[in-house]
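Content type mmCIF, C-alpha atoms, from the file upload_9.cif:
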data_my_file
#
loop_
_atom_site.label_atom_id
_atom_site.label_comp_id
_atom_site.auth_asym_id
_atom_site.auth_seq_id
_atom_site.Cartn_x
_atom_site.Cartn_y
_atom_site.Cartn_z
CA MET A 1385 20.95 -0.12 -13.56
CA CYS A 1386 19.65 0.86 -16.98
CA PRO A 1387 20.67 -1.73 -19.63
CA ARG A 1388 20.59 0.89 -22.38
CA ALA A 1389 22.94 3.81 -23.04
CA GLU A 1390 22.87 6.41 -20.27
CA ILE A 1391 21.57 9.13 -22.60
CA LEU A 1392 18.46 6.99 -23.23
CA CYS A 1393 17.78 6.57 -19.50
CA ILE A 1394 18.19 10.18 -18.33
CA GLN A 1395 15.11 12.01 -17.06
CA PRO A 1396 13.67 14.51 -19.55
CA SER A 1397 13.90 17.41 -17.06
CA ILE A 1398 17.64 16.78 -16.53
CA ALA A 1399 18.19 16.50 -20.29
CA VAL A 1400 16.32 19.74 -20.98
CA LEU A 1401 18.33 21.54 -18.29
CA LYS A 1402 21.63 20.29 -19.71
CA LEU A 1403 20.76 21.13 -23.31
CA LYS A 1404 19.87 24.69 -22.38
CA TYR A 1405 22.91 25.08 -20.12
CA LEU A 1406 25.29 23.88 -22.85
CA GLY A 1407 23.65 26.20 -25.38
CA VAL A 1408 22.80 23.33 -27.72
CA THR A 1409 19.23 24.50 -28.25
CA ASN A 1410 16.61 26.60 -26.54
CA ASN A 1411 13.70 24.80 -28.23
CA VAL A 1412 14.11 21.21 -27.03
CA SER A 1413 11.28 19.95 -29.29
CA GLU A 1414 13.50 20.69 -32.32
CA PHE A 1415 16.51 18.81 -30.93
CA HIS A 1416 17.46 15.62 -32.83
CA TRP A 1417 17.14 13.08 -30.04
CA LEU A 1418 18.73 9.63 -30.26
CA GLU A 1419 15.38 8.31 -29.00
CA ALA A 1420 12.98 11.20 -28.67
CA PRO A 1421 10.76 11.48 -25.56
CA SER A 1422 7.09 12.10 -26.21
CA ASP A 1423 5.94 15.68 -26.73
CA GLN A 1424 3.95 15.46 -23.50
CA LEU A 1425 7.04 14.41 -21.51
CA LEU A 1426 9.04 17.32 -22.91
CA LYS A 1427 6.20 19.73 -22.20
CA ASP A 1428 5.89 18.43 -18.63
CA ALA A 1429 9.65 18.77 -18.16
CA VAL A 1430 9.62 22.43 -19.24
CA VAL A 1431 6.64 23.18 -16.98
CA ASN A 1432 8.35 21.41 -14.09
CA LEU A 1433 11.55 23.43 -14.52
CA THR A 1434 9.60 26.66 -14.85
CA TRP A 1435 7.79 26.13 -11.55
CA LEU A 1436 11.11 25.34 -9.88
CA GLY A 1437 12.47 28.67 -11.08
CA ALA A 1438 15.05 27.11 -13.39
CA LEU A 1439 13.46 28.55 -16.57
CA ASP A 1440 12.00 31.96 -17.28
CA SER A 1441 8.21 31.65 -17.64
CA LYS A 1442 8.13 33.90 -20.75
CA THR A 1443 11.30 33.08 -22.68
CA GLU A 1444 12.02 29.55 -21.35
CA MET A 1445 15.65 30.68 -20.97
CA LEU A 1446 17.78 29.49 -18.05
CA THR A 1447 17.67 31.58 -14.89
CA ASP A 1448 20.55 31.90 -12.42
CA THR A 1449 18.89 29.18 -10.34
CA GLY A 1450 18.67 27.00 -13.45
CA ARG A 1451 22.38 27.42 -14.18
CA THR A 1452 23.25 26.38 -10.63
CA MET A 1453 20.98 23.34 -10.94
CA ALA A 1454 22.61 22.38 -14.23
CA LYS A 1455 26.07 22.56 -12.66
CA LEU A 1456 24.98 20.21 -9.86
CA GLY A 1457 23.70 17.71 -12.42
CA LEU A 1458 21.09 16.32 -10.03
CA GLU A 1459 17.39 15.72 -10.44
CA PRO A 1460 15.99 19.32 -10.52
CA MET A 1461 13.59 18.83 -7.61
CA LEU A 1462 16.42 17.52 -5.43
CA SER A 1463 18.60 20.46 -6.50
CA ALA A 1464 15.82 22.90 -5.58
CA MET A 1465 15.53 21.30 -2.12
CA ILE A 1466 19.29 21.59 -1.55
CA LEU A 1467 19.51 25.22 -2.74
CA THR A 1468 16.59 26.14 -0.47
CA GLY A 1469 18.48 24.54 2.42
CA LYS A 1470 21.28 27.03 1.80
CA ARG A 1471 18.80 29.93 2.14
CA TYR A 1472 17.20 28.44 5.26
CA ASN A 1473 20.60 27.96 6.94
CA CYS A 1474 20.22 24.17 7.22
CA LEU A 1475 22.33 23.08 4.25
CA SER A 1476 24.27 20.38 6.11
CA HIS A 1477 21.10 18.59 7.18
CA VAL A 1478 19.46 18.96 3.77
CA LEU A 1479 22.58 17.53 2.09
CA ALA A 1480 22.49 14.56 4.47
CA LEU A 1481 18.80 14.09 3.66
CA ALA A 1482 19.54 14.31 -0.07
CA GLY A 1483 22.13 11.56 0.34
CA MET A 1484 19.58 9.32 2.07
CA LEU A 1485 16.96 10.02 -0.60
CA ASN A 1486 19.52 9.02 -3.21
CA VAL A 1487 19.61 5.49 -1.69
CA VAL A 1488 16.12 5.41 -0.18
CA GLN A 1489 15.11 2.13 -1.84
CA ASN A 1490 18.13 0.32 -0.39
CA VAL A 1491 18.32 1.61 3.19
CA TRP A 1492 16.58 -1.37 4.85
CA TRP A 1493 17.37 -5.05 4.80
CA ARG A 1494 14.17 -7.06 4.42
CA GLY A 1495 14.54 -10.28 6.42
CA LYS A 1496 13.00 -13.52 5.19
CA ASP A 1497 11.91 -14.86 8.60
CA ASP A 1498 9.23 -13.28 10.80
CA GLN A 1499 11.69 -12.32 13.53
CA SER A 1500 13.89 -10.33 11.14
CA LYS A 1501 10.85 -8.58 9.69
CA GLN A 1502 9.70 -7.67 13.20
CA VAL A 1503 13.12 -6.24 14.06
CA GLY A 1504 13.02 -4.12 10.90
CA ASP A 1505 9.53 -2.82 11.67
CA GLU A 1506 10.49 -1.98 15.27
CA THR A 1507 13.58 -0.11 14.07
CA ARG A 1508 11.58 1.95 11.56
CA ALA A 1509 9.09 2.79 14.29
CA LEU A 1510 11.95 3.77 16.60
CA PHE A 1511 13.34 6.31 14.13
CA ALA A 1512 9.94 7.84 13.34
CA HIS A 1513 9.48 11.29 14.84
CA GLU A 1514 7.11 11.26 17.82
CA SER A 1515 4.88 14.02 16.43
CA GLY A 1516 4.87 12.59 12.90
CA ILE A 1517 6.31 15.86 11.50
CA GLY A 1518 8.53 15.23 8.50
CA GLY A 1519 7.45 11.62 7.99
CA ASP A 1520 10.01 9.42 6.25
CA HIS A 1521 12.31 12.34 5.47
CA ILE A 1522 12.99 13.09 9.13
CA SER A 1523 13.22 9.37 9.91
CA LEU A 1524 15.90 8.98 7.23
CA LEU A 1525 17.76 12.00 8.54
CA ARG A 1526 17.67 10.66 12.12
CA ILE A 1527 19.14 7.38 10.87
CA PHE A 1528 21.97 9.25 9.13
CA LEU A 1529 22.72 11.42 12.17
CA GLU A 1530 22.94 8.42 14.51
CA TRP A 1531 25.07 6.46 12.03
CA ASP A 1532 27.35 9.47 11.34
CA ALA A 1533 27.89 10.00 15.07
CA LEU A 1534 29.60 6.58 15.27
CA GLY A 1535 32.60 8.02 13.45
CA ALA A 1536 35.09 6.13 11.30
CA ASN A 1537 35.08 2.91 13.35
CA LYS A 1538 34.02 0.34 10.72
CA THR A 1539 33.43 -2.47 13.21
CA THR A 1540 31.07 -0.36 15.33
CA SER A 1541 29.30 0.90 12.23
CA ARG A 1542 28.79 -2.61 10.82
CA THR A 1543 27.44 -3.87 14.14
CA TRP A 1544 25.08 -0.90 14.46
CA CYS A 1545 23.72 -1.47 10.95
CA ARG A 1546 23.36 -5.23 11.37
CA GLU A 1547 21.42 -4.91 14.63
CA ARG A 1548 19.00 -2.45 13.02
CA MET A 1549 18.55 -4.24 9.67
CA ILE A 1550 20.13 -1.23 7.87
CA ASN A 1551 22.28 -1.50 4.75
CA GLY A 1552 25.74 -0.21 5.70
CA LYS A 1553 26.85 0.20 2.08
CA SER A 1554 23.89 2.45 1.38
CA MET A 1555 24.79 4.60 4.38
CA LYS A 1556 28.33 5.00 3.04
CA MET A 1557 26.95 5.92 -0.40
CA ALA A 1558 24.65 8.51 1.18
CA ALA A 1559 27.54 10.12 3.05
CA ASP A 1560 29.72 10.21 -0.09
CA PHE A 1561 26.88 11.76 -2.09
CA ALA A 1562 26.34 14.50 0.52
CA ARG A 1563 30.05 15.39 0.63
CA GLU A 1564 30.41 15.47 -3.17
CA VAL A 1565 27.43 17.80 -3.60
CA ALA A 1566 28.67 19.99 -0.76
CA TYR A 1567 32.03 20.32 -2.57
CA GLN A 1568 30.26 21.25 -5.81
CA ILE A 1569 28.32 24.01 -4.05
CA ASP A 1570 31.35 25.36 -2.20
CA PRO A 1571 34.76 23.61 -2.02
CA LYS A 1572 35.36 25.24 1.37
CA PHE A 1573 32.04 24.19 2.88
CA LYS A 1574 32.21 21.66 5.72
CA MET A 1575 29.14 19.77 6.87
CA GLU A 1576 28.25 20.33 10.51
CA LEU A 1577 25.39 18.16 11.74
CA THR A 1578 23.77 19.26 14.99
CA ALA A 1579 20.97 17.51 16.90
CA LEU A 1580 17.47 17.97 15.51
CA ASN A 1581 14.90 20.17 17.21
CA ASP A 1582 11.39 21.26 16.26
CA VAL A 1583 12.53 24.56 14.71
CA LEU A 1584 15.22 22.87 12.60
CA ILE A 1585 12.82 20.09 11.52
CA LYS A 1586 10.27 22.64 10.30
CA ARG A 1587 12.95 24.40 8.23
CA ILE A 1588 14.02 21.10 6.69
CA VAL A 1589 10.42 20.18 5.83
CA ARG A 1590 10.00 23.58 4.17
CA CYS A 1591 13.05 22.78 2.03
CA VAL A 1592 11.46 19.47 1.01
CA CYS A 1593 8.27 21.32 0.06
CA ALA A 1594 10.23 23.89 -1.95
CA GLY A 1595 11.76 21.14 -4.07
CA PHE A 1596 9.00 18.55 -4.30
CA PHE A 1597 5.79 20.60 -4.10
CA GLN A 1598 4.76 19.21 -7.50
CA HIS A 1599 4.78 15.73 -5.93
CA LEU A 1600 1.67 16.51 -3.92
CA ALA A 1601 -0.68 13.59 -3.19
CA ILE A 1602 -4.11 13.66 -1.55
CA SER A 1603 -5.46 10.86 0.62
CA ASN A 1604 -8.29 8.66 -0.62
CA GLY A 1605 -9.52 8.35 2.96
CA TYR A 1606 -7.56 5.49 4.48
CA LEU A 1607 -4.05 4.16 3.99
CA ARG A 1608 -4.90 1.01 2.00
CA ALA A 1609 -6.92 3.08 -0.51
CA GLY A 1610 -3.76 5.04 -1.29
CA TYR A 1611 -3.35 8.58 -2.60
CA ARG A 1612 -4.38 10.60 -5.63
CA LEU A 1613 -1.36 12.25 -7.32
CA MET A 1614 -1.71 15.88 -8.39
CA SER A 1615 1.15 15.82 -10.89
CA GLY A 1616 0.62 14.88 -14.54
CA SER A 1617 -2.26 15.40 -16.90
CA THR A 1618 -3.97 12.09 -16.06
CA GLU A 1619 -5.36 10.91 -12.74
CA THR A 1620 -2.95 8.52 -11.03
CA LEU A 1621 -3.45 6.53 -7.83
CA ALA A 1622 -0.67 5.10 -5.69
CA ARG A 1623 -0.22 3.36 -2.36
CA VAL A 1624 2.30 4.10 0.37
CA HIS A 1625 5.18 1.61 0.29
CA ARG A 1626 5.46 -0.78 3.22
CA SER A 1627 8.86 0.69 4.20
CA SER A 1628 7.23 4.03 5.04
CA THR A 1629 6.72 5.08 8.65
CA LEU A 1630 3.22 6.19 7.66
CA THR A 1631 2.19 2.53 7.84
CA PHE A 1632 2.34 2.89 11.64
CA ASN A 1633 -0.24 5.71 11.63
CA GLN A 1634 -3.82 5.11 12.68
CA GLU A 1635 -5.07 7.61 10.11
CA ALA A 1636 -3.70 8.60 6.72
CA PRO A 1637 -2.51 12.25 6.52
CA LYS A 1638 -4.68 14.26 4.12
CA PHE A 1639 -1.75 15.77 2.17
CA ILE A 1640 1.71 14.33 1.60
CA ILE A 1641 4.80 15.01 -0.50
CA TYR A 1642 6.46 11.92 -1.98
CA HIS A 1643 9.99 11.49 -3.28
CA ASP A 1644 9.52 8.87 -5.99
CA ILE A 1645 7.16 6.26 -7.43
CA LEU A 1646 8.04 2.57 -7.40
CA ILE A 1647 6.04 0.24 -9.67
CA LEU A 1648 5.63 -3.32 -8.38
CA SER A 1649 3.26 -5.84 -9.98
CA GLU A 1650 1.55 -3.05 -11.94
CA THR A 1651 0.83 -1.15 -8.70
CA ASN A 1652 2.23 2.32 -7.96
CA TYR A 1653 3.95 2.73 -4.59
CA LEU A 1654 5.14 6.01 -3.07
CA THR A 1655 8.58 5.97 -1.45
CA ALA A 1656 9.73 8.47 1.19
CA VAL A 1657 6.56 10.40 2.02
CA CYS A 1658 6.22 13.50 4.16
CA PRO A 1659 2.92 14.80 5.65
CA ILE A 1660 2.55 18.51 4.92
CA ASP A 1661 0.23 21.48 5.22
CA LEU A 1662 -0.98 23.15 2.02
CA ASP A 1663 0.20 26.52 3.36
CA TRP A 1664 3.79 25.29 3.00
CA LEU A 1665 3.52 24.84 -0.78
CA ASP A 1666 4.10 27.24 -3.65
CA LYS A 1667 0.95 29.40 -3.83
CA PRO A 1668 1.07 30.22 -7.58
CA TRP A 1669 1.42 26.51 -8.37
CA LEU A 1670 -1.55 25.64 -6.14
CA ASN A 1671 -3.62 28.35 -7.82
CA SER A 1672 -2.75 26.92 -11.24
CA LEU A 1673 -4.36 23.56 -10.48
CA PRO A 1674 -7.76 22.88 -12.11
CA GLN A 1675 -9.27 22.35 -8.66
CA SER A 1676 -8.11 23.25 -5.18
CA PRO A 1677 -6.52 20.25 -3.42
CA SER A 1678 -8.74 20.85 -0.39
CA GLN A 1679 -11.75 20.11 -2.60
CA TYR A 1680 -10.37 16.65 -3.30
CA VAL A 1681 -10.46 15.73 0.40
CA LEU A 1682 -12.97 12.94 0.88
CA THR A 1683 -15.91 12.80 3.28
CA SER A 1684 -16.20 9.65 5.38
CA PHE A 1685 -18.86 7.79 7.34
CA VAL A 1686 -18.58 4.70 9.58
CA PHE A 1687 -21.32 2.08 9.86
CA GLU A 1688 -20.78 0.52 13.29
CA ASN A 1689 -21.93 -2.59 15.20
CA LEU A 1690 -22.65 -4.57 12.04
CA GLY A 1691 -21.42 -7.95 13.22
CA PRO A 1692 -19.26 -10.40 11.25
CA ALA A 1693 -22.15 -12.25 9.56
CA LEU A 1694 -23.77 -9.02 8.37
CA LEU A 1695 -20.44 -7.71 7.06
CA LEU A 1696 -19.92 -10.96 5.20
CA SER A 1697 -23.37 -10.67 3.61
CA ILE A 1698 -22.60 -7.12 2.44
CA VAL A 1699 -19.05 -7.47 1.07
CA GLY A 1700 -18.98 -11.19 0.27
CA LYS A 1701 -16.25 -13.71 0.92
CA ARG A 1702 -12.77 -12.16 0.69
CA CYS A 1703 -14.50 -8.81 0.01
CA ARG A 1704 -15.31 -9.85 -3.55
CA ASN A 1705 -18.25 -7.40 -3.69
CA VAL A 1706 -16.11 -4.38 -2.72
CA PRO A 1707 -14.61 -3.56 -6.18
CA LEU A 1708 -18.07 -3.54 -7.78
CA LEU A 1709 -19.52 -1.35 -4.99
CA GLN A 1710 -16.62 1.09 -5.27
CA GLU A 1711 -16.89 1.35 -9.04
CA SER A 1712 -20.68 1.71 -9.18
CA LEU A 1713 -20.97 4.21 -6.31
CA GLY A 1714 -17.72 6.15 -6.83
CA VAL A 1715 -16.52 5.72 -3.22
CA PHE A 1716 -13.82 3.81 -1.34
CA VAL A 1717 -14.84 1.04 1.04
CA ASP A 1718 -12.91 -0.37 4.01
CA VAL A 1719 -14.05 -3.36 6.08
CA ASP A 1720 -12.89 -3.92 9.67
CA TYR A 1721 -14.06 -7.28 11.01
CA LYS A 1722 -12.38 -6.77 14.39
CA GLN A 1723 -14.35 -3.59 15.07
CA SER A 1724 -17.45 -4.88 13.22
CA GLN A 1725 -17.62 -1.75 11.10
CA LEU A 1726 -17.61 -0.59 7.50
CA THR A 1727 -16.25 2.78 6.41
CA ILE A 1728 -16.90 4.62 3.15
CA TRP A 1729 -15.03 7.62 1.71
CA GLY A 1730 -16.11 9.74 -1.23
CA GLN A 1731 -16.30 13.22 -2.72
CA SER A 1732 -19.25 15.30 -1.62
CA GLN A 1733 -21.16 15.13 -4.92
CA LYS A 1734 -21.31 11.31 -4.79
CA PHE A 1735 -21.08 10.65 -1.07
CA ASP A 1736 -24.71 11.24 0.01
CA ASN A 1737 -26.06 8.89 -2.66
CA ALA A 1738 -23.49 6.21 -1.75
CA ARG A 1739 -24.29 6.46 1.96
CA LEU A 1740 -28.03 6.07 1.26
CA HIS A 1741 -27.33 3.06 -0.95
CA PHE A 1742 -25.26 1.37 1.77
CA GLU A 1743 -27.96 2.03 4.35
CA GLN A 1744 -30.43 0.24 2.10
CA ILE A 1745 -28.05 -2.69 1.59
CA ILE A 1746 -27.46 -3.01 5.33
CA LYS A 1747 -31.20 -2.92 6.05
CA ARG A 1748 -31.92 -5.56 3.41
CA GLU A 1749 -29.16 -7.94 4.50
CA ARG A 1750 -30.05 -7.52 8.17
CA GLU A 1751 -33.64 -8.54 7.46
CA LYS A 1752 -32.38 -11.64 5.68
CA LEU A 1753 -30.24 -12.64 8.65
CA ARG A 1754 -33.09 -12.16 11.11
CA THR A 1755 -35.13 -14.85 9.38
CA GLU A 1756 -32.20 -17.09 8.61
CA VAL A 1757 -32.16 -20.55 10.20
CA GLN A 1758 -28.90 -22.45 10.56
CA GLU A 1759 -28.63 -26.17 11.35
CA PHE A 1760 -25.79 -27.54 13.45
CA GLU A 1761 -24.96 -31.16 14.20
CA ILE A 1762 -23.83 -31.59 17.78
CA ILE A 1763 -22.52 -34.97 18.99
CA GLY A 1764 -24.69 -37.02 16.72
CA SER A 1765 -27.95 -35.14 17.36
CA THR A 1766 -29.37 -32.29 15.32
CA ARG A 1767 -30.00 -28.89 16.88
CA ILE A 1768 -31.72 -25.99 15.14
CA LEU A 1769 -30.29 -22.57 15.99
CA ILE A 1770 -32.02 -19.39 14.79
CA GLY A 1771 -29.49 -16.56 14.43
CA ALA A 1772 -29.74 -12.78 14.09
CA GLY A 1773 -26.47 -12.14 12.36
CA ALA A 1774 -24.29 -13.89 14.91
CA ARG A 1775 -21.51 -16.28 13.97
CA VAL A 1776 -21.85 -19.42 16.10
CA GLN A 1777 -18.49 -20.86 17.12
CA LEU A 1778 -19.40 -22.98 20.16
CA ALA A 1779 -22.72 -24.21 21.56
CA MET A 1780 -22.97 -25.65 25.09
CA VAL A 1781 -25.97 -27.96 25.54
CA GLU A 1782 -27.02 -29.36 28.89
CA ASP A 1783 -26.67 -33.16 29.37
CA GLU A 1784 -24.62 -33.53 26.18
CA TYR A 1785 -21.37 -35.48 26.41
CA VAL A 1786 -18.19 -35.05 24.41
CA LYS A 1787 -16.05 -37.98 23.36
CA VAL A 1788 -12.43 -37.61 24.54
CA LEU A 1789 -9.74 -39.82 23.01
CA LEU A 1790 -6.55 -40.26 25.06
CA ASN A 1791 -3.41 -41.53 23.32
CA SER A 1792 -0.01 -42.77 24.48
CA LEU A 1793 -1.16 -43.66 28.03
CA PRO A 1794 1.19 -45.45 30.46
CA ILE A 1795 0.84 -49.25 30.37
CA ASN A 1796 -0.04 -49.55 34.04
CA VAL A 1797 -2.77 -46.85 34.16
CA THR A 1798 -6.18 -48.09 35.37
CA GLU A 1799 -9.74 -47.11 34.43
CA GLU A 1800 -10.30 -45.81 37.98
CA GLU A 1801 -7.35 -43.43 37.62
CA LEU A 1802 -8.64 -42.17 34.28
CA GLU A 1803 -12.14 -41.61 35.73
CA ALA A 1804 -10.61 -39.66 38.62
CA LYS A 1805 -8.66 -37.47 36.19
CA CYS A 1806 -11.69 -36.79 33.96
CA ARG A 1807 -14.00 -36.17 36.91
CA GLN A 1808 -12.07 -32.96 37.64
CA TYR A 1809 -13.61 -31.46 34.47
CA GLY A 1810 -17.19 -32.74 34.88
CA THR A 1811 -19.30 -35.85 35.21
CA GLY A 1812 -18.05 -38.74 33.12
CA LYS A 1813 -20.36 -41.25 31.46
CA THR A 1814 -18.18 -44.17 30.37
CA VAL A 1815 -14.50 -44.98 30.26
CA PHE A 1816 -13.44 -47.79 27.92
#

Mind converting the file's structure to C-alpha cells?
Amino acid sequence: MCPRAEILCIQPSIAVLKLKYLGVTNNVSEFHWLEAPSDQLLKDAVVNLTWLGALDSKTEMLTDTGRTMAKLGLEPMLSAMILTGKRYNCLSHVLALAGMLNVVQNVWWRGKDDQSKQVGDETRALFAHESGIGGDHISLLRIFLEWDALGANKTTSRTWCRERMINGKSMKMAADFAREVAYQIDPKFKMELTALNDVLIKRIVRCVCAGFFQHLAISNGYLRAGYRLMSGSTETLARVHRSSTLTFNQEAPKFIIYHDILILSETNYLTAVCPIDLDWLDKPWLNSLPQSPSQYVLTSFVFENLGPALLLSIVGKRCRNVPLLQESLGVFVDVDYKQSQLTIWGQSQKFDNARLHFEQIIKREREKLRTEVQEFEIIGSTRILIGAGARVQLAMVEDEYVKVLLNSLPINVTEEELEAKCRQYGTGKTVF
C-alpha cells in the first residue's frame, strides 16, 4: 500500500489517459501536477500509450481504444490484453488471467521449513504447462481454472489451497477482479471457462503479447545471468523471480514477456514471465528499436572436462574472479562444478576475443597444476602426492593402519570379541 495520497502513487500512463479522457488537458507536460513526474516519465507514458493504440500518433488525442481503456481504469497494458481477448474470442480466460496477474505477487505461500518449500516447488512444477508454452501466465490460469471448478464450497476450497501452498484470499480477489472488469465491459457478459487446449493457449499468449509487447526481455545466456530489458532509454538487467516456472527449465528462453518488475535488495526481478516468439510481437514497434532483438542474442561456448581444481584456479574461491572477468571481457560466465565445465556468453563482436582469452587462462592454469606438488599427512607419516589438477579426498596406502575409537561399549565385552568384530573389516594390529 502506498503511504502517500493515491494521486501521487498512480502510474504516469494511467494519469495521462485519465487527464485526456476527462478533457482536462491534451498537453500533459503543461498540467499543474501536485508532484510532477519527470519529463522522461511523461514522454515514456505518451509513447507507451501510442504504441498500444490509445493515442493518435500525430495528434496525441485519445482513440476509441483509448477511451475504452480509460473507462476500465486499469493499467493500459493490462487493458490492451483484455480488449484483445475480446477480439480473439477468449475473453473469459483472459479476464481470469488478468485477475491472477493482479495478485501475482501473493499467489503462493512461502513456507519457512524445507518441507513446505519443497511442496510449493512441486506444486508450481505441477501447474507448469508440459510444453512450456505460455510460461507463468498459463500456469496461473491453470491454477485459477482448477480452483474455480471447486465451486462455492469454502471448506473444499480452503483445503485445496492449503495443500498446494496457495493463498486462498488472493484467489478470491482474482475472481472478484475478473467479474468486475467483465461487468464494466458488458453488464450482460457471463464468464464461461472451458478446459485449455493448444489452440486456446496460443490465442491467450497472443493476447498477452498484444498488451505487454513493450515488456520484451532478451536472455543473457543462462537463467542466473538474467535478462536484458528492451523498454526504457537506459539498459536494464533483471533476473527471473524464484516463483517463476522458468526456474525449472534447463535452458533460459531467448525471448520473454514479463508482467512486472520487483526490486529486492537493489536487484531487479521479473514476475510472471512468458516465453514468446518475436513473430508474435507488434512489427512496427520491433522495427522502431535501435537494434533488432535477434542481434542481442548471445553466442555461447562451453569449456568441458576442466576438473574442480582447474576451475578453482580460474574463477577463485567462491567465484571471486568472475565479476572482474565479466567486466573486462564483456561476457557472462557460468561455472558448473558438477559437470566440470565453464560456459561463457557474449555478443559476437566481443565473444571471439573473450574465448581466446579464456583458452589462454585455462592453458596457463593447467600448466601450473601439472607441476604442483601437494603434501598430505597420513596417520603420522608424510606422503608426497603429485597432482595434475585432481582434488584428493581419500588416499589408500598399503600396510597403513587407521586408529578406531569405540565408545559406550558394554561392560562385559572382551578384547577377543572386539578383535573378532574388527577382523571382519581387515587385519587388526592392536586392541587396547

request  = Decode the PyMOL selection byres ((chain A and resi 1676-1693) around 8) for the given file into explicit residues and return them as a PyMOL selection string.
outcome  = chain A and resi 1602-1605+1638+1670-1671+1673-1675+1694-1697+1721+1723-1732+1735+1739+1773-1775

query = Which one of A:Ile1569, A:Met1453, A:Ile1517, A:Cys1806 sits closest to Leu1479 (chain A) if you count all atoms listed in the file?
reply = A:Ile1569

key: Coordinates-based distance that separates CA of Tyr1611 (chain A) from CA of Arg1623 (chain A) (Å, one decimal)   = 6.1 Å

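Here the question is which of A:Thr1449, A:Asn1796, A:Thr1631, A:Asn1411 gets nearest to Met1465 (chain A) using only C-alpha atoms, and that residue is A:Thr1449.
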
query = Looking at only C-alpha atoms, which of A:Val1715, A:Val1431, A:Met1549, A:Val1624 is the one that sits closest to Gln1502 (chain A)?
reply =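 Among A:Val1715, A:Val1431, A:Met1549, A:Val1624, it is A:Met1549 that comes nearest to Gln1502 (chain A).
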
key: Long-range neighbours of Gln1489 (chain A) as number ranges by chain, 10 Å cut-off, all atoms listed in the file, 2 positions minimum in chain   = A: 1484-1487, 1491-1492, 1554, 1627, 1644, 1646, 1655-1656

Near-Lys1455 (chain A) list (10 Å; only C-alpha atoms; drop same-chain fewer than 3 positions) as a PDB file with C-alpha atoms, keeping the file's coordinate frame:
ATOM      1  CA  LEU A1401      18.330  21.540 -18.290  1.00  0.00           C
ATOM      2  CA  LYS A1402      21.630  20.290 -19.710  1.00  0.00           C
ATOM      3  CA  TYR A1405      22.910  25.080 -20.120  1.00  0.00           C
ATOM      4  CA  GLY A1450      18.670  27.000 -13.450  1.00  0.00           C
ATOM      5  CA  ARG A1451      22.380  27.420 -14.180  1.00  0.00           C
ATOM      6  CA  THR A1452      23.250  26.380 -10.630  1.00  0.00           C
ATOM      7  CA  LEU A1458      21.090  16.320 -10.030  1.00  0.00           C
ATOM      8  CA  SER A1463      18.600  20.460  -6.500  1.00  0.00           C
ATOM      9  CA  GLN A1568      30.260  21.250  -5.810  1.00  0.00           C
ATOM     10  CA  ILE A1569      28.320  24.010  -4.050  1.00  0.00           C
TER      11      ILE A1569
END

task = Can you turn the PyMOL selection byres ((chain A and resi 1523) around 8) into a concrete residue list for this file, as a PyMOL selection string?
result = chain A and resi 1508+1511-1513+1518-1522+1524-1527+1629

query = What's the 12 Å shell around Leu1607 (chain A), counting only C-alpha atoms, without same-chain residues fewer than 6 positions away, as a list in words?
reply = Ala1622, Arg1623, Val1624, His1625, Arg1626, Ser1628, Thr1629, Leu1630, Thr1631, Phe1632, Asn1633, Gln1634, Glu1635, Ala1636, Pro1637, Lys1638, Phe1639, Ile1640, Tyr1653, Leu1654, Phe1716, Val1717, Asp1718 and Trp1729 of chain A

Can I get region 1523-1534 of chain A with N, CA and C atoms filled in, as a compact mmCIF listing (two decimals), keeping the file's coordinate frame?
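This is the output file out37.txt:
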# COMPACT_ATOMS: atom_id res chain seq x y z
N SER A 1523 12.76 10.69 9.46
CA SER A 1523 13.22 9.37 9.91
C SER A 1523 14.55 9.02 9.25
N LEU A 1524 14.65 9.25 7.95
CA LEU A 1524 15.90 8.98 7.23
C LEU A 1524 17.04 9.85 7.76
N LEU A 1525 16.73 11.10 8.03
CA LEU A 1525 17.76 12.00 8.54
C LEU A 1525 18.22 11.59 9.94
N ARG A 1526 17.29 11.12 10.77
CA ARG A 1526 17.67 10.66 12.12
C ARG A 1526 18.56 9.42 12.04
N ILE A 1527 18.28 8.55 11.08
CA ILE A 1527 19.14 7.38 10.87
C ILE A 1527 20.55 7.82 10.50
N PHE A 1528 20.65 8.78 9.58
CA PHE A 1528 21.97 9.25 9.13
C PHE A 1528 22.73 9.90 10.28
N LEU A 1529 22.05 10.72 11.07
CA LEU A 1529 22.72 11.42 12.17
C LEU A 1529 23.26 10.43 13.20
N GLU A 1530 22.49 9.40 13.52
CA GLU A 1530 22.94 8.42 14.51
C GLU A 1530 24.09 7.59 13.94
N TRP A 1531 24.00 7.23 12.66
CA TRP A 1531 25.07 6.46 12.03
C TRP A 1531 26.34 7.32 11.92
N ASP A 1532 26.20 8.58 11.52
CA ASP A 1532 27.35 9.47 11.34
C ASP A 1532 28.06 9.73 12.66
N ALA A 1533 27.29 9.73 13.76
CA ALA A 1533 27.89 10.00 15.07
C ALA A 1533 28.81 8.87 15.54
N LEU A 1534 28.74 7.70 14.90
CA LEU A 1534 29.60 6.58 15.27
C LEU A 1534 31.04 6.81 14.85
